[in-house]
$ cat query26.tsv   # TSV, C-alpha atoms
chain	number	residue	atom	x	y	z
T	1	MET	CA	98.90	52.94	67.23
T	2	PHE	CA	102.10	54.67	66.16
T	3	LYS	CA	104.25	53.28	63.37
T	4	VAL	CA	106.59	55.23	61.12
T	5	SER	CA	107.19	54.00	57.58
T	6	HIS	CA	110.24	54.73	55.47
T	7	THR	CA	111.18	53.83	51.91
T	8	MET	CA	114.62	52.66	52.99
T	9	GLN	CA	114.37	50.21	55.88
T	10	PRO	CA	117.53	48.94	57.58
T	11	SER	CA	117.76	45.19	57.89
T	12	PRO	CA	117.36	43.58	61.33
T	13	GLU	CA	120.89	42.25	60.89
T	14	ASN	CA	122.16	45.84	60.84
T	15	ARG	CA	119.95	47.27	63.55
T	16	TYR	CA	120.42	44.44	66.04
T	17	ALA	CA	123.88	43.29	64.95
T	18	ARG	CA	125.61	43.81	68.30
T	19	GLN	CA	122.79	42.08	70.19
T	20	ILE	CA	122.82	39.14	67.77
T	21	GLN	CA	126.59	38.88	68.18
T	22	TYR	CA	126.10	38.17	71.88
T	23	ALA	CA	126.22	34.37	71.87
T	24	PRO	CA	123.47	33.63	74.43
T	25	ILE	CA	121.00	35.59	72.28
T	26	ALA	CA	122.27	35.04	68.72
T	27	ALA	CA	119.89	35.08	65.74
T	28	CYS	CA	117.39	32.64	67.24
T	29	GLY	CA	117.06	34.64	70.45
T	30	GLN	CA	116.69	37.85	68.49
T	31	GLN	CA	113.86	36.32	66.50
T	32	LEU	CA	112.10	35.38	69.74
T	33	ILE	CA	112.46	38.97	70.96
T	34	GLU	CA	111.05	40.34	67.71
T	35	ASN	CA	108.06	37.99	67.98
T	36	SER	CA	107.26	39.02	71.56
T	37	ARG	CA	104.62	41.35	72.96
T	38	VAL	CA	105.39	43.34	76.11
T	39	THR	CA	103.16	45.64	78.12
T	40	ILE	CA	104.75	48.44	80.14
T	41	LEU	CA	102.39	49.12	83.06
T	42	GLY	CA	103.18	52.70	84.00
T	43	CYS	CA	105.17	55.19	81.97
T	44	GLY	CA	107.16	57.16	84.53
T	45	ALA	CA	110.75	56.91	85.67
T	46	LEU	CA	110.95	53.13	85.31
T	47	GLY	CA	108.56	52.69	82.42
T	48	THR	CA	110.17	55.21	80.07
T	49	VAL	CA	113.64	53.72	80.49
T	50	ALA	CA	112.51	50.09	80.24
T	51	ALA	CA	110.37	50.92	77.21
T	52	GLU	CA	113.26	52.58	75.39
T	53	ILE	CA	115.63	49.68	76.06
T	54	LEU	CA	113.08	47.12	74.89
T	55	ALA	CA	112.19	49.18	71.82
T	56	ARG	CA	115.85	49.39	70.85
T	57	SER	CA	116.25	45.65	71.47
T	58	GLY	CA	113.50	44.92	68.94
T	59	VAL	CA	110.49	43.75	70.97
T	60	GLY	CA	107.81	43.26	68.34
T	61	LEU	CA	104.95	44.99	70.12
T	62	LEU	CA	105.21	47.41	73.01
T	63	ARG	CA	102.01	48.42	74.74
T	64	ILE	CA	102.47	51.55	76.88
T	65	VAL	CA	99.86	52.01	79.64
T	66	ASP	CA	99.58	55.09	81.85
T	67	ARG	CA	96.83	57.28	83.28
T	68	ASP	CA	98.79	60.50	83.79
T	69	VAL	CA	100.10	63.49	81.82
T	70	VAL	CA	103.65	64.84	81.52
T	71	GLU	CA	104.57	67.42	84.16
T	72	TRP	CA	107.72	69.49	84.68
T	73	THR	CA	108.74	67.46	87.73
T	74	ASN	CA	108.88	64.35	85.50
T	75	LEU	CA	111.71	65.67	83.32
T	76	GLN	CA	114.44	65.05	85.91
T	77	ARG	CA	114.18	61.27	85.49
T	78	GLN	CA	111.52	60.20	82.97
T	79	ALA	CA	113.78	59.74	80.00
T	80	LEU	CA	111.40	59.76	77.01
T	81	PHE	CA	109.84	63.16	77.74
T	82	ASP	CA	111.01	66.65	76.84
T	83	GLU	CA	110.03	70.18	77.78
T	84	GLN	CA	107.46	70.48	75.00
T	85	ASP	CA	105.62	67.45	76.34
T	86	ALA	CA	105.38	69.16	79.73
T	87	VAL	CA	104.28	72.48	78.23
T	88	GLU	CA	101.46	70.76	76.35
T	89	GLY	CA	100.56	68.39	79.21
T	90	ILE	CA	100.46	65.43	76.82
T	91	ALA	CA	99.32	62.04	78.09
T	92	LYS	CA	102.42	60.08	79.04
T	93	ALA	CA	101.46	57.01	77.03
T	94	GLU	CA	100.95	59.09	73.90
T	95	ALA	CA	104.14	61.15	74.31
T	96	ALA	CA	106.25	58.05	74.99
T	97	SER	CA	104.82	56.25	71.97
T	98	LYS	CA	105.66	59.14	69.65
T	99	HIS	CA	109.25	59.26	70.87
T	100	LEU	CA	109.63	55.48	70.67
T	101	ALA	CA	108.33	55.46	67.10
T	102	ARG	CA	111.19	57.78	66.14
T	103	ILE	CA	113.67	55.44	67.88
T	104	ASN	CA	112.47	52.25	66.16
T	105	HIS	CA	109.96	52.43	63.32
T	106	THR	CA	110.08	48.66	62.73
T	107	ILE	CA	108.11	47.71	65.86
T	108	GLN	CA	104.47	48.20	66.82
T	109	ILE	CA	103.77	50.65	69.63
T	110	GLU	CA	100.36	50.86	71.23
T	111	PRO	CA	99.58	53.66	73.71
T	112	ILE	CA	96.76	53.16	76.22
T	113	VAL	CA	95.67	56.04	78.46
T	114	ALA	CA	93.81	54.28	81.27
T	115	ASP	CA	93.55	53.75	84.99
T	116	VAL	CA	94.03	49.99	85.36
T	117	THR	CA	91.26	48.36	87.41
T	118	THR	CA	89.65	44.96	87.88
T	119	GLU	CA	87.20	45.86	85.12
T	120	ASN	CA	89.74	46.61	82.39
T	121	ILE	CA	92.92	44.72	83.29
T	122	ASP	CA	92.08	41.81	80.96
T	123	SER	CA	91.66	44.10	77.97
T	124	VAL	CA	94.73	46.18	78.87
T	125	LEU	CA	97.07	43.20	79.26
T	126	LYS	CA	95.57	40.88	76.64
T	127	ASN	CA	97.98	38.89	74.45
T	128	SER	CA	101.01	40.03	76.46
T	129	ASP	CA	103.98	37.68	76.71
T	130	LEU	CA	105.46	39.64	79.61
T	131	ILE	CA	104.57	42.67	81.75
T	132	ILE	CA	106.96	45.31	83.07
T	133	ASP	CA	105.79	46.64	86.44
T	134	ALA	CA	106.52	50.36	86.34
T	135	ALA	CA	103.49	51.30	88.46
T	136	ASP	CA	103.55	53.93	91.16
T	137	ASN	CA	101.39	52.12	93.69
T	138	PHE	CA	100.86	48.81	95.46
T	139	SER	CA	97.22	48.39	94.43
T	140	ILE	CA	98.13	47.84	90.79
T	141	ARG	CA	100.94	45.44	91.75
T	142	PHE	CA	98.58	43.23	93.76
T	143	LEU	CA	96.09	43.29	90.91
T	144	LEU	CA	98.85	42.47	88.42
T	145	ASN	CA	100.11	39.62	90.61
T	146	ASP	CA	96.64	38.02	90.65
T	147	TRP	CA	96.23	38.48	86.88
T	148	SER	CA	99.68	37.01	86.27
T	149	LEU	CA	98.96	33.89	88.31
T	150	LYS	CA	95.53	33.39	86.78
T	151	ASN	CA	96.87	33.73	83.22
T	152	ARG	CA	100.35	32.27	83.86
T	153	ILE	CA	102.06	35.32	82.35
T	154	PRO	CA	105.39	36.56	83.77
T	155	TRP	CA	106.03	40.07	85.03
T	156	VAL	CA	109.10	41.95	86.18
T	157	HIS	CA	108.62	43.86	89.41
T	158	GLY	CA	110.59	47.05	89.96
T	159	GLY	CA	110.39	49.81	92.52
T	160	CYS	CA	112.52	52.81	93.38
T	161	ILE	CA	112.30	55.54	96.04
T	162	GLY	CA	115.08	57.98	96.86
T	163	ALA	CA	118.22	56.07	95.86
T	164	THR	CA	117.00	52.58	96.80
T	165	GLY	CA	115.26	50.02	94.65
T	166	GLN	CA	114.50	46.38	93.99
T	167	VAL	CA	113.88	44.08	91.03
T	168	ARG	CA	112.55	40.54	90.55
T	169	LEU	CA	110.87	38.59	87.77
T	170	PHE	CA	107.81	36.58	88.83
T	171	THR	CA	106.97	33.80	86.38
T	172	GLY	CA	103.22	33.64	87.04
T	173	SER	CA	103.42	29.85	87.17
T	174	GLY	CA	103.26	29.54	90.97
T	175	ALA	CA	105.35	30.17	94.06
T	176	PRO	CA	106.96	32.48	94.78
T	177	CYS	CA	104.75	35.41	93.85
T	178	PHE	CA	104.70	39.05	94.89
T	179	ARG	CA	102.20	38.31	97.62
T	180	CYS	CA	104.59	35.85	99.26
T	181	LEU	CA	106.86	38.84	99.73
T	182	VAL	CA	104.16	41.39	100.65
T	183	PRO	CA	101.05	39.51	101.86
T	184	GLU	CA	98.81	42.59	102.16
T	185	PRO	CA	98.91	46.16	100.87
T	186	PRO	CA	100.62	48.54	103.29
T	187	GLN	CA	98.45	51.05	105.09
T	188	ALA	CA	98.07	54.48	103.56
T	189	ALA	CA	101.03	56.79	104.24
T	190	SER	CA	103.07	53.95	105.77
T	191	VAL	CA	105.29	53.77	102.67
T	192	GLN	CA	107.06	56.80	101.23
T	193	THR	CA	106.49	57.91	97.64
T	194	CYS	CA	108.61	59.85	95.16
T	195	ASP	CA	106.59	62.99	95.95
T	196	THR	CA	107.26	62.75	99.68
T	197	ALA	CA	110.78	61.27	99.73
T	198	GLY	CA	112.20	62.35	96.38
T	199	VAL	CA	114.04	60.14	93.89
T	200	ILE	CA	117.36	60.14	92.04
T	201	GLY	CA	117.19	59.71	88.28
T	202	ALA	CA	120.34	57.60	88.13
T	203	ALA	CA	118.75	55.13	90.55
T	204	THR	CA	115.53	54.78	88.55
T	205	HIS	CA	117.52	54.32	85.35
T	206	ALA	CA	119.55	51.53	86.96
T	207	ILE	CA	116.47	49.70	88.28
T	208	ALA	CA	114.65	49.99	84.95
T	209	SER	CA	117.73	48.71	83.12
T	210	LEU	CA	117.78	45.64	85.35
T	211	GLN	CA	114.07	45.08	84.67
T	212	ALA	CA	114.75	45.25	80.94
T	213	MET	CA	117.68	42.84	81.32
T	214	GLU	CA	115.50	40.24	83.05
T	215	ALA	CA	112.84	40.72	80.36
T	216	ILE	CA	115.40	40.21	77.56
T	217	LYS	CA	116.67	37.01	79.22
T	218	TRP	CA	113.14	35.64	79.42
T	219	LEU	CA	112.00	36.71	75.96
T	220	SER	CA	115.14	35.46	74.21
T	221	GLY	CA	114.71	31.97	75.66
T	222	ASN	CA	117.43	32.28	78.32
T	223	ARG	CA	115.04	31.64	81.18
T	224	ASP	CA	117.52	29.67	83.27
T	225	GLN	CA	119.58	32.87	83.53
T	226	VAL	CA	116.79	34.87	85.21
T	227	HIS	CA	117.86	36.01	88.69
T	228	GLN	CA	116.17	33.86	91.33
T	229	GLU	CA	116.51	36.33	94.20
T	230	ILE	CA	115.30	39.86	94.77
T	231	TRP	CA	117.89	42.40	93.73
T	232	SER	CA	117.94	45.06	96.47
T	233	PHE	CA	120.03	48.22	95.99
T	234	ASP	CA	120.95	51.27	98.02
T	235	PHE	CA	122.88	53.24	95.44
T	236	TRP	CA	123.63	56.17	97.73
T	237	ASN	CA	125.19	54.09	100.51
T	238	ASN	CA	126.79	51.64	98.08
T	239	ARG	CA	124.94	48.55	99.28
T	240	PHE	CA	123.63	45.61	97.24
T	241	ARG	CA	121.91	42.54	98.66
T	242	PRO	CA	120.46	39.53	96.87
T	243	LEU	CA	117.44	38.51	98.95
T	244	ALA	CA	115.95	35.03	98.69
T	245	ILE	CA	112.23	34.60	99.34
T	246	ASP	CA	111.95	32.07	102.17
T	247	GLU	CA	109.91	29.07	101.00
T	248	THR	CA	107.96	29.12	104.26
T	249	LEU	CA	106.50	32.49	103.23
T	250	CYS	CA	104.86	30.76	100.27
T	251	TRP	CA	103.21	27.93	102.22
T	252	GLU	CA	100.28	30.07	103.36
T	253	CYS	CA	100.15	32.47	100.42
T	254	ARG	CA	96.53	33.09	99.47
T	255	ALA	CA	97.46	33.77	95.85
T	256	CYS	CA	100.03	31.32	94.49
T	257	ARG	CA	99.39	28.43	96.93
T	258	LYS	CA	95.67	28.72	97.70
T	259	GLY	CA	94.50	30.17	94.39
T	260	HIS	CA	92.57	33.12	95.85
T	261	TYR	CA	92.72	36.11	93.50
T	262	ASP	CA	91.44	38.62	96.02
T	263	PHE	CA	92.40	41.68	93.98
T	264	LEU	CA	90.81	40.43	90.78
T	265	ASP	CA	87.58	39.65	92.63
T	266	ALA	CA	85.30	42.66	92.27
T	267	GLN	CA	83.49	41.60	95.46
T	268	SER	CA	86.61	41.49	97.59
T	269	ASN	CA	86.68	45.24	98.29
T	270	CYS	CA	90.46	45.17	98.12
T	271	ALA	CA	90.65	48.35	96.09
T	272	SER	CA	89.86	51.95	96.88
T	273	THR	CA	86.99	53.75	95.17
T	274	ALA	CA	87.04	57.10	93.39
T	275	VAL	CA	83.80	58.98	92.69
T	276	ALA	CA	83.05	62.46	91.40
T	277	VAL	CA	81.54	64.84	93.95
T	278	CYS	CA	78.19	66.11	92.76
T	279	GLY	CA	78.01	69.85	92.08
T	280	ARG	CA	81.73	70.62	92.15
T	281	SER	CA	84.94	69.79	90.29
T	282	ALA	CA	86.19	67.29	92.82
T	283	VAL	CA	86.70	63.57	93.32
T	284	GLN	CA	86.50	61.64	96.57
T	285	ILE	CA	88.87	58.73	97.19
T	286	THR	CA	87.78	56.14	99.75
T	287	PRO	CA	90.29	53.44	100.77
T	288	ALA	CA	89.27	49.79	100.83
T	289	ALA	CA	89.35	49.82	104.63
T	290	PRO	CA	89.55	52.68	107.15
T	291	THR	CA	93.05	53.37	108.38
T	292	ARG	CA	94.77	55.82	110.69
T	293	VAL	CA	96.86	58.30	108.73
T	294	PRO	CA	99.83	60.08	110.36
T	295	LEU	CA	98.59	63.56	109.48
T	296	ALA	CA	101.45	65.47	111.13
T	297	ARG	CA	104.09	63.45	109.32
T	298	LEU	CA	102.43	63.96	105.95
T	299	ALA	CA	101.98	67.67	106.61
T	300	GLU	CA	105.73	67.97	107.11
T	301	ALA	CA	106.48	65.92	103.99
T	302	TRP	CA	104.18	68.08	101.84
T	303	ARG	CA	105.53	71.51	102.84
T	304	SER	CA	107.87	71.67	99.86
T	305	LEU	CA	104.94	71.02	97.49
T	306	GLY	CA	102.71	73.97	98.37
T	307	GLU	CA	100.65	75.54	101.15
T	308	VAL	CA	99.78	73.07	103.92
T	309	GLN	CA	97.00	73.30	106.49
T	310	GLN	CA	96.66	70.76	109.28
T	311	ASN	CA	94.40	70.05	112.24
T	312	ARG	CA	93.45	66.88	114.11
T	313	PHE	CA	90.83	65.96	111.50
T	314	PHE	CA	92.65	66.45	108.19
T	315	VAL	CA	95.71	67.74	106.37
T	316	ARG	CA	95.24	69.88	103.26
T	317	LEU	CA	97.66	70.71	100.47
T	318	LYS	CA	97.15	73.55	98.02
T	319	LYS	CA	99.61	72.72	95.27
T	320	ALA	CA	101.95	75.51	94.20
T	321	GLU	CA	101.11	77.03	90.80
T	322	SER	CA	97.98	74.89	90.55
T	323	SER	CA	94.27	75.08	91.29
T	324	ILE	CA	94.33	71.60	92.82
T	325	GLN	CA	93.56	71.21	96.53
T	326	PHE	CA	94.10	67.85	98.20
T	327	THR	CA	92.38	67.18	101.54
T	328	LEU	CA	93.26	63.97	103.37
T	329	PHE	CA	91.24	62.88	106.39
T	330	ALA	CA	92.50	60.86	109.35
T	331	ASP	CA	90.70	57.70	108.17
T	332	GLY	CA	92.44	57.73	104.76
T	333	ARG	CA	89.63	59.36	102.77
T	334	ALA	CA	90.58	62.22	100.49
T	335	VAL	CA	88.79	64.88	98.49
T	336	VAL	CA	90.68	66.25	95.50
T	337	ASP	CA	89.34	69.63	94.38
T	338	GLY	CA	90.19	70.98	90.95
T	339	VAL	CA	89.95	67.66	89.10
T	340	GLU	CA	87.03	65.89	87.46
T	341	GLU	CA	88.57	62.61	86.34
T	342	PRO	CA	88.79	59.81	88.95
T	343	SER	CA	92.00	58.55	87.34
T	344	GLN	CA	93.69	61.92	87.90
T	345	ALA	CA	92.59	61.92	91.54
T	346	ARG	CA	93.85	58.35	92.04
T	347	ALA	CA	97.20	59.25	90.56
T	348	LEU	CA	97.57	62.20	92.91
T	349	TYR	CA	96.51	60.09	95.91
T	350	ASP	CA	99.09	57.44	95.07
T	351	ARG	CA	101.81	60.03	94.69
T	352	LEU	CA	101.04	61.93	97.90
T	353	VAL	CA	99.82	59.18	100.20
T	354	GLY	CA	100.61	55.81	98.67
T	355	SER	CA	98.09	53.04	98.07

$ encode --input "query26.tsv" --output "structure tokens"
Amino acid sequence: MFKVSHTMQPSPENRYARQIQYAPIAACGQQLIENSRVTILGCGALGTVAAEILARSGVGLLRIVDRDVVEWTNLQRQALFDEQDAVEGIAKAEAASKHLARINHTIQIEPIVADVTTENIDSVLKNSDLIIDAADNFSIRFLLNDWSLKNRIPWVHGGCIGATGQVRLFTGSGAPCFRCLVPEPPQAASVQTCDTAGVIGAATHAIASLQAMEAIKWLSGNRDQVHQEIWSFDFWNNRFRPLAIDETLCWECRACRKGHYDFLDAQSNCASTAVAVCGRSAVQITPAAPTRVPLARLAEAWRSLGEVQQNRFFVRLKKAESSIQFTLFADGRAVVDGVEEPSQARALYDRLVGS
């Protein structure tokens, strides 16, 4: 846990003066913010920006959760990291926590380097008053949605690809929930990722700022001001649409209406598996269910990332300036050579294929 101490500590009235001056928050709302505990699930483009805003706003405890390390390609949009972090390959959660501690030494910051699964989600999210969804894959979002409903804890969904994004706070108290909007996880490679489609830093900053805004409304006691529709943005083509979730979509929802937490149930086989390959530095990823992967389309999307080999059975990427080789088979299975940690292989799979 990172916390910086100083002999001379500025008063909260000085640090948060402009926020306290805003009438809907005022001193009582600021006190609620300072007493709150927020977990940032994912510390990339969205997570770094949301974490910084919430740290500066005075959230009492920020828990930063991520499984990955800082890379050079992160620096274009992941605001808390610098070149030295990329040179050293520091864990994102650790690097972010160190930077945040220099921004606000009066709050508690807790880094967790972990791959969130059904086995550890309770310990990772324990005692949280609100979760910020800054994950890079659908599997974690479905797991988070189940956990939120079971524990009645709110979370703020955010997603951004290219120059488009969306935001909505889900209360965890019932309909609607994320699964009303997306009943089942999309098939592998059916949804683009930042690695295959690219992403604009200004767009991720905007989406993360909106997530932080919704969180501040909720935490400060202004819950009636939380946006009731999905904010949908296309920043490049200058389009914004508020999208209501049709009540009829909730009537048959297995999660918020029927109380089935399929993704928290270890027996449901809703999640992929990642196991080390005996005798070599490699990890095999097996999706929850076989799927047909558009190999030719992925091969084309990966060409800017390194050397690509493709036939009717698999597509293989040898990453530029790296010893990592990623082989994806037509049924969604993948073997990641050059890594030993399942979490690292999962992260790469999510970035290249989607969940």

$ atom_distance --input "query26.tsv" --atom1 "CA of Ile245 (chain T)" --atom2 "CA of Ile161 (chain T)"
21.2 Å

$ residues_around --input "query26.tsv" --residues "region 89-101 of chain T" --least-positions-apart "4" --cutoff "9 Å" --atoms "all atoms listed in the file" --output "PyMOL selection string"
chain T and resi 1-4+42-44+48+51-52+55-56+62-71+80-81+84-85+105-113

$ atom_distance --input "query26.tsv" --atom1 "CA of Thr273 (chain T)" --atom2 "CA of Leu130 (chain T)"
28.0 Å

$ residues_around --input "query26.tsv" --residues "Pro176 (chain T)" --least-positions-apart "3" --cutoff "9 Å" --atoms "all atoms listed in the file" --output "compact mmCIF listing (two decimals) with C-alpha atoms, in the frame of the given file"
# COMPACT_ATOMS: atom_id res chain seq x y z
CA PHE T 170 107.81 36.58 88.83
CA THR T 171 106.97 33.80 86.38
CA GLY T 172 103.22 33.64 87.04
CA SER T 173 103.42 29.85 87.17
CA ARG T 179 102.20 38.31 97.62
CA CYS T 180 104.59 35.85 99.26
CA LEU T 181 106.86 38.84 99.73
CA ILE T 245 112.23 34.60 99.34
CA ASP T 246 111.95 32.07 102.17
CA GLU T 247 109.91 29.07 101.00
CA LEU T 249 106.50 32.49 103.23
CA CYS T 250 104.86 30.76 100.27
CA CYS T 253 100.15 32.47 100.42
CA CYS T 256 100.03 31.32 94.49
CA ARG T 257 99.39 28.43 96.93

$ closest_atom_pairs --input "query26.tsv" --of "region 57-146 of chain T" --to "region 200-203 of chain T" --cutoff "8 Å" --atoms "all atoms listed in the file" --output "CSV"
residue,atom,partner,partner_atom,distance
T:Gln76,CA,T:Gly201,CA,6.5
T:Arg77,CA,T:Gly201,CA,4.4
T:Gln78,CA,T:Gly201,CA,7.8

$ closest_residue --input "query26.tsv" --among "T:Thr164, T:Gln30, T:Ser343, T:Asn127" --to "Leu54 (chain T)" --atoms "all atoms listed in the file"
T:Gln30

$ closest_residue --input "query26.tsv" --among "T:Ser322, T:Leu41, T:Gln309, T:Gly158" --to "Phe233 (chain T)" --atoms "only C-alpha atoms"
T:Gly158

$ residues_around --input "query26.tsv" --residues "Thr196 (chain T)" --least-positions-apart "3" --cutoff "12 Å" --atoms "all atoms listed in the file" --output "list in words"
Ile161, Gly162, Ala189, Ser190, Val191, Gln192, Thr193, Val199, Arg297, Leu298, Ala299, Glu300, Ala301, Trp302, Arg303, Ser304, Leu305, Leu348, Tyr349, Asp350, Arg351, Leu352, Val353 and Gly354 of chain T

$ residues_around --input "query26.tsv" --residues "Ile132 (chain T)" --least-positions-apart "3" --cutoff "7 Å" --atoms "only C-alpha atoms" --output "list in words"
Thr39, Ile40, Leu41, Trp155, Val156 and His157 of chain T

$ closest_residue --input "query26.tsv" --among "T:Asn311, T:Ser128, T:Gln344, T:Ser123" --to "Leu219 (chain T)" --atoms "only C-alpha atoms"
T:Ser128

$ axis_aligned_box --input "query26.tsv" --around "region 93-105 of chain T" --padding-each-side "3 Å" --output "lines of an AutoDock Vina configuration file"
center_x = 107.3
center_y = 56.7
center_z = 70.2
size_x = 18.7
size_y = 14.9
size_z = 19.7

$ atom_distance --input "query26.tsv" --atom1 "CA of Ala347 (chain T)" --atom2 "CA of Val283 (chain T)"
11.7 Å

$ closest_residue --input "query26.tsv" --among "T:Ala45, T:Val116, T:Ser281, T:Ala134" --to "Glu341 (chain T)" --atoms "all atoms listed in the file"
T:Ser281

$ residues_around --input "query26.tsv" --residues "Ile121 (chain T)" --least-positions-apart "3" --cutoff "10 Å" --atoms "all atoms listed in the file" --output "list of chain:residue names"
T:Ala114, T:Asp115, T:Val116, T:Thr117, T:Thr118, T:Val124, T:Leu125, T:Lys126, T:Ile140, T:Leu143, T:Leu144, T:Trp147, T:Leu264

$ write_last_selection --input "query26.tsv" --atoms "C-alpha atoms" --output "tab-separated table (two decimals), in the frame of the given file"
chain	number	residue	atom	x	y	z
T	114	ALA	CA	93.81	54.28	81.27
T	115	ASP	CA	93.55	53.75	84.99
T	116	VAL	CA	94.03	49.99	85.36
T	117	THR	CA	91.26	48.36	87.41
T	118	THR	CA	89.65	44.96	87.88
T	124	VAL	CA	94.73	46.18	78.87
T	125	LEU	CA	97.07	43.20	79.26
T	126	LYS	CA	95.57	40.88	76.64
T	140	ILE	CA	98.13	47.84	90.79
T	143	LEU	CA	96.09	43.29	90.91
T	144	LEU	CA	98.85	42.47	88.42
T	147	TRP	CA	96.23	38.48	86.88
T	264	LEU	CA	90.81	40.43	90.78

$ closest_residue --input "query26.tsv" --among "T:Val315, T:Ala208, T:Val336, T:Ala163" --to "Arg239 (chain T)" --atoms "all atoms listed in the file"
T:Ala163

$ closest_residue --input "query26.tsv" --among "T:Thr204, T:Ser232, T:Thr291, T:Asn104" --to "Pro186 (chain T)" --atoms "all atoms listed in the file"
T:Thr291

$ build_atoms --input "query26.tsv" --residues "region 32-38 of chain T" --atoms "all heavy atoms" --output "PDB file, keeping the file's coordinate frame"
ATOM      1  N   LEU T  32     113.075  35.511  68.653  1.00  0.00           N
ATOM      2  CA  LEU T  32     112.100  35.380  69.740  1.00  0.00           C
ATOM      3  C   LEU T  32     111.731  36.746  70.303  1.00  0.00           C
ATOM      4  O   LEU T  32     110.556  37.019  70.593  1.00  0.00           O
ATOM      5  CB  LEU T  32     112.671  34.488  70.850  1.00  0.00           C
ATOM      6  CG  LEU T  32     112.828  33.006  70.525  1.00  0.00           C
ATOM      7  CD1 LEU T  32     113.584  32.296  71.643  1.00  0.00           C
ATOM      8  CD2 LEU T  32     111.452  32.358  70.320  1.00  0.00           C
ATOM      9  N   ILE T  33     112.723  37.613  70.464  1.00  0.00           N
ATOM     10  CA  ILE T  33     112.460  38.970  70.960  1.00  0.00           C
ATOM     11  C   ILE T  33     111.552  39.713  69.996  1.00  0.00           C
ATOM     12  O   ILE T  33     110.583  40.369  70.409  1.00  0.00           O
ATOM     13  CB  ILE T  33     113.791  39.727  71.161  1.00  0.00           C
ATOM     14  CG1 ILE T  33     114.589  39.120  72.323  1.00  0.00           C
ATOM     15  CG2 ILE T  33     113.538  41.211  71.416  1.00  0.00           C
ATOM     16  CD1 ILE T  33     115.998  39.669  72.463  1.00  0.00           C
ATOM     17  N   GLU T  34     111.836  39.614  68.705  1.00  0.00           N
ATOM     18  CA  GLU T  34     111.050  40.340  67.710  1.00  0.00           C
ATOM     19  C   GLU T  34     109.624  39.798  67.597  1.00  0.00           C
ATOM     20  O   GLU T  34     108.722  40.522  67.144  1.00  0.00           O
ATOM     21  CB  GLU T  34     111.747  40.267  66.351  1.00  0.00           C
ATOM     22  CG  GLU T  34     113.057  41.046  66.315  1.00  0.00           C
ATOM     23  CD  GLU T  34     113.762  40.937  64.970  1.00  0.00           C
ATOM     24  OE1 GLU T  34     113.079  41.049  63.934  1.00  0.00           O
ATOM     25  OE2 GLU T  34     114.987  40.721  64.974  1.00  0.00           O
ATOM     26  N   ASN T  35     109.404  38.569  68.017  1.00  0.00           N
ATOM     27  CA  ASN T  35     108.060  37.990  67.980  1.00  0.00           C
ATOM     28  C   ASN T  35     107.282  38.219  69.276  1.00  0.00           C
ATOM     29  O   ASN T  35     106.140  37.781  69.392  1.00  0.00           O
ATOM     30  CB  ASN T  35     108.150  36.480  67.728  1.00  0.00           C
ATOM     31  CG  ASN T  35     108.624  36.159  66.327  1.00  0.00           C
ATOM     32  OD1 ASN T  35     108.531  36.978  65.423  1.00  0.00           O
ATOM     33  ND2 ASN T  35     109.153  34.951  66.141  1.00  0.00           N
ATOM     34  N   SER T  36     107.876  38.895  70.236  1.00  0.00           N
ATOM     35  CA  SER T  36     107.260  39.020  71.560  1.00  0.00           C
ATOM     36  C   SER T  36     106.422  40.277  71.688  1.00  0.00           C
ATOM     37  O   SER T  36     106.588  41.251  70.952  1.00  0.00           O
ATOM     38  CB  SER T  36     108.355  38.998  72.637  1.00  0.00           C
ATOM     39  OG  SER T  36     109.208  40.107  72.502  1.00  0.00           O
ATOM     40  N   ARG T  37     105.516  40.236  72.678  1.00  0.00           N
ATOM     41  CA  ARG T  37     104.620  41.350  72.960  1.00  0.00           C
ATOM     42  C   ARG T  37     104.742  41.684  74.446  1.00  0.00           C
ATOM     43  O   ARG T  37     104.470  40.841  75.307  1.00  0.00           O
ATOM     44  CB  ARG T  37     103.175  40.967  72.627  1.00  0.00           C
ATOM     45  CG  ARG T  37     102.950  40.626  71.154  1.00  0.00           C
ATOM     46  CD  ARG T  37     101.754  39.751  70.948  1.00  0.00           C
ATOM     47  NE  ARG T  37     101.917  38.455  71.626  1.00  0.00           N
ATOM     48  CZ  ARG T  37     101.078  37.432  71.513  1.00  0.00           C
ATOM     49  NH1 ARG T  37     100.013  37.534  70.754  1.00  0.00           N
ATOM     50  NH2 ARG T  37     101.305  36.300  72.157  1.00  0.00           N
ATOM     51  N   VAL T  38     105.127  42.916  74.739  1.00  0.00           N
ATOM     52  CA  VAL T  38     105.390  43.340  76.110  1.00  0.00           C
ATOM     53  C   VAL T  38     104.517  44.542  76.443  1.00  0.00           C
ATOM     54  O   VAL T  38     104.409  45.482  75.645  1.00  0.00           O
ATOM     55  CB  VAL T  38     106.875  43.699  76.308  1.00  0.00           C
ATOM     56  CG1 VAL T  38     107.117  44.291  77.698  1.00  0.00           C
ATOM     57  CG2 VAL T  38     107.757  42.475  76.100  1.00  0.00           C
TER      58      VAL T  38
END
